[in-house]
Amino acid sequence: MNTDTKRVVVVTGGSSGIGRAIGLRMAGPGTTVYFNHYDPDDEYAEETVRLVKDAGSSAWGARVDVASRPDVQDFFDKILKDCGRVDVLVNNAGITIDGFLVRMKESDWDRVLAINLKGAFNCMQIAAKHMMKQRSGCIINMASVVGVMGNAGQANYSASKAGLIALTKTAARELAPRGITANAVAPGYIDTAMTADLPEKVKEAMLAQVPLGRIGQPEDVAEVVAFLASDKASYITGQVIHVNGGMYM
Ligand code: NAP
């Protein structure tokens with residue numbers, strides 16, 4: 001068991017974009033950052049491990065499908081064998097498979113819900129059991145502005161994020177007596193691989209909805225996650241914190 005670790009931070013979907021920025025922001029002496037990702041190409045994950053280590057933390061990344069309960073169980077078994085605790089869980093893994101409601105394939109609905117919503121449930125159920133024994137812990141779920149507003153072409157994605165918000169509030173109520181907080185962060189339009197390939201017209205239309213007039217950076221989101229995971233936020237639970245440049249208010 002690694003007794004040098006004072007704080008264990010687990011980030012799902014931590015190889016790139018917002019998840020990588022969170023791992024980097026949370027890194028520091030005494031902290032071990034565990035993350036997972038899904039692409040069989042490990043290039044981004046290896047780069048994330050290197051960057052987190054450079055920032056002063058131990059780091060470990062694994063290929064895991066958060067939608068698969070056995071995968072998630074193995075991932076947490078490794079963490080608990082190494083460190084015996086989970087202090088912060090950030091459910092950040094997420095995908096989009098967009099399409100209009102009337103044309104959406106059932107398989108596209110199922111896959112998005114399986115990763116974005118059931119994936120978070122899988123991780124929360126396992127981590128929360130240990131946090132309850134610890135009588136401490138912090139869960140942060142990556143929702144989205146569209147989980148509150150809805151969005152044409154994203155029936156599966158927006159439903160998954162709305163579900164994640166309800167799951168967060170339920171967990172906050174159930175876990176508060178054991179000293180565990182659960183909050184959601186709802187980003188707007190953020191500069192990552194998820195948004196990079198959108199058609200230029202869609203990007204322009206999204207930017208036009210942002211009063212602050214710029215696309216958000218992964219670090220804008222990571223900063224809020226770091227705050228929610230800190231002692232300074234110990235009286236905040238069951239909330240949805242919007243990070244969207246004013247896109248929704
Ligand atoms: P991203 O760069 O595409 O990152 C997504 C991460 O999730 C990657 O690490 C990816 O790993 C991982 N992932 C995908 N499927 C997975 C699976 N089945 N199991 C485990 N990990 C998996 O996108 P991002 O923009 O940073 O998104 C991060 C979160 O923010 C998502 O939940 C997203 O819905 C949310 N969000 C993003 C925006 C935005 O504008 N970008 C806005 C609102 C909310 P691989 O690459 O290895 O598959």
# chains A, B, ... in the order shown; residues from 1 in each chain; ligands from 1
>>> select_by_dssp(residues="region 139-241 of chain A", states="helix (DSSP H, G or I)", output="ChimeraX atom specification")
/A:146-149,155-178,193-196,200-208,218-228,231-233
>>> residues_near_ligand(ligand="ligand 1", cutoff="6 Å", atoms="only C-alpha atoms and all ligand atoms", output="ChimeraX atom specification")
/A:12-19,36-39,64-67,92-95,115,142-144,187-195
>>> closest_residue(among="A:Ala233, A:Met132, A:Leu101, A:Val88", to="Ala159 (chain A)", atoms="only C-alpha atoms")
A:Leu101
>>> select_by_dssp(residues="region 46-197 of chain A", states="strand (DSSP E or B)", output="list of chain:residue names")
A:Ser58, A:Ala59, A:Trp60, A:Gly61, A:Ala62, A:Arg63, A:Val88, A:Leu89, A:Val90, A:Asn91, A:Gly99, A:Gly137, A:Cys138, A:Ile139, A:Ile140, A:Asn141, A:Met142, A:Gln154, A:Ile180, A:Thr181, A:Ala182, A:Asn183, A:Ala184, A:Val185, A:Ala186, A:Pro187, A:Ile190
>>> residues_around(residues="region 74-82 of chain A", least_positions_apart="2", cutoff="12 Å", atoms="only C-alpha atoms", output="number ranges by chain")
A: 1-5, 7-12, 32-37, 58-66, 68-72, 84-87, 89, 122-131
>>> closest_residue(among="A:Gly99, A:Gly56, A:Gly119, A:Pro40", to="Gly23 (chain A)", atoms="only C-alpha atoms")
A:Gly56
>>> decode(residues="region 63-77 of chain A", atoms="C-alpha atoms", output="mmCIF file, in the first residue's frame")
data_model
loop_
_atom_site.group_PDB
_atom_site.id
_atom_site.type_symbol
_atom_site.label_atom_id
_atom_site.label_comp_id
_atom_site.auth_asym_id
_atom_site.auth_seq_id
_atom_site.Cartn_x
_atom_site.Cartn_y
_atom_site.Cartn_z
ATOM 1 C CA ARG A 63 -8.190 1.895 -20.378
ATOM 2 C CA VAL A 64 -11.658 1.425 -18.902
ATOM 3 C CA ASP A 65 -15.154 1.568 -20.338
ATOM 4 C CA VAL A 66 -17.079 3.349 -17.597
ATOM 5 C CA ALA A 67 -20.269 1.777 -18.979
ATOM 6 C CA SER A 68 -18.915 -1.677 -18.046
ATOM 7 C CA ARG A 69 -19.409 -2.556 -14.400
ATOM 8 C CA PRO A 70 -16.626 -5.209 -14.392
ATOM 9 C CA ASP A 71 -14.146 -2.704 -15.937
ATOM 10 C CA VAL A 72 -15.058 -0.085 -13.351
ATOM 11 C CA GLN A 73 -14.824 -2.602 -10.495
ATOM 12 C CA ASP A 74 -11.305 -3.641 -11.597
ATOM 13 C CA PHE A 75 -10.277 0.020 -11.844
ATOM 14 C CA PHE A 76 -11.384 0.804 -8.289
ATOM 15 C CA ASP A 77 -9.986 -2.497 -6.945
#
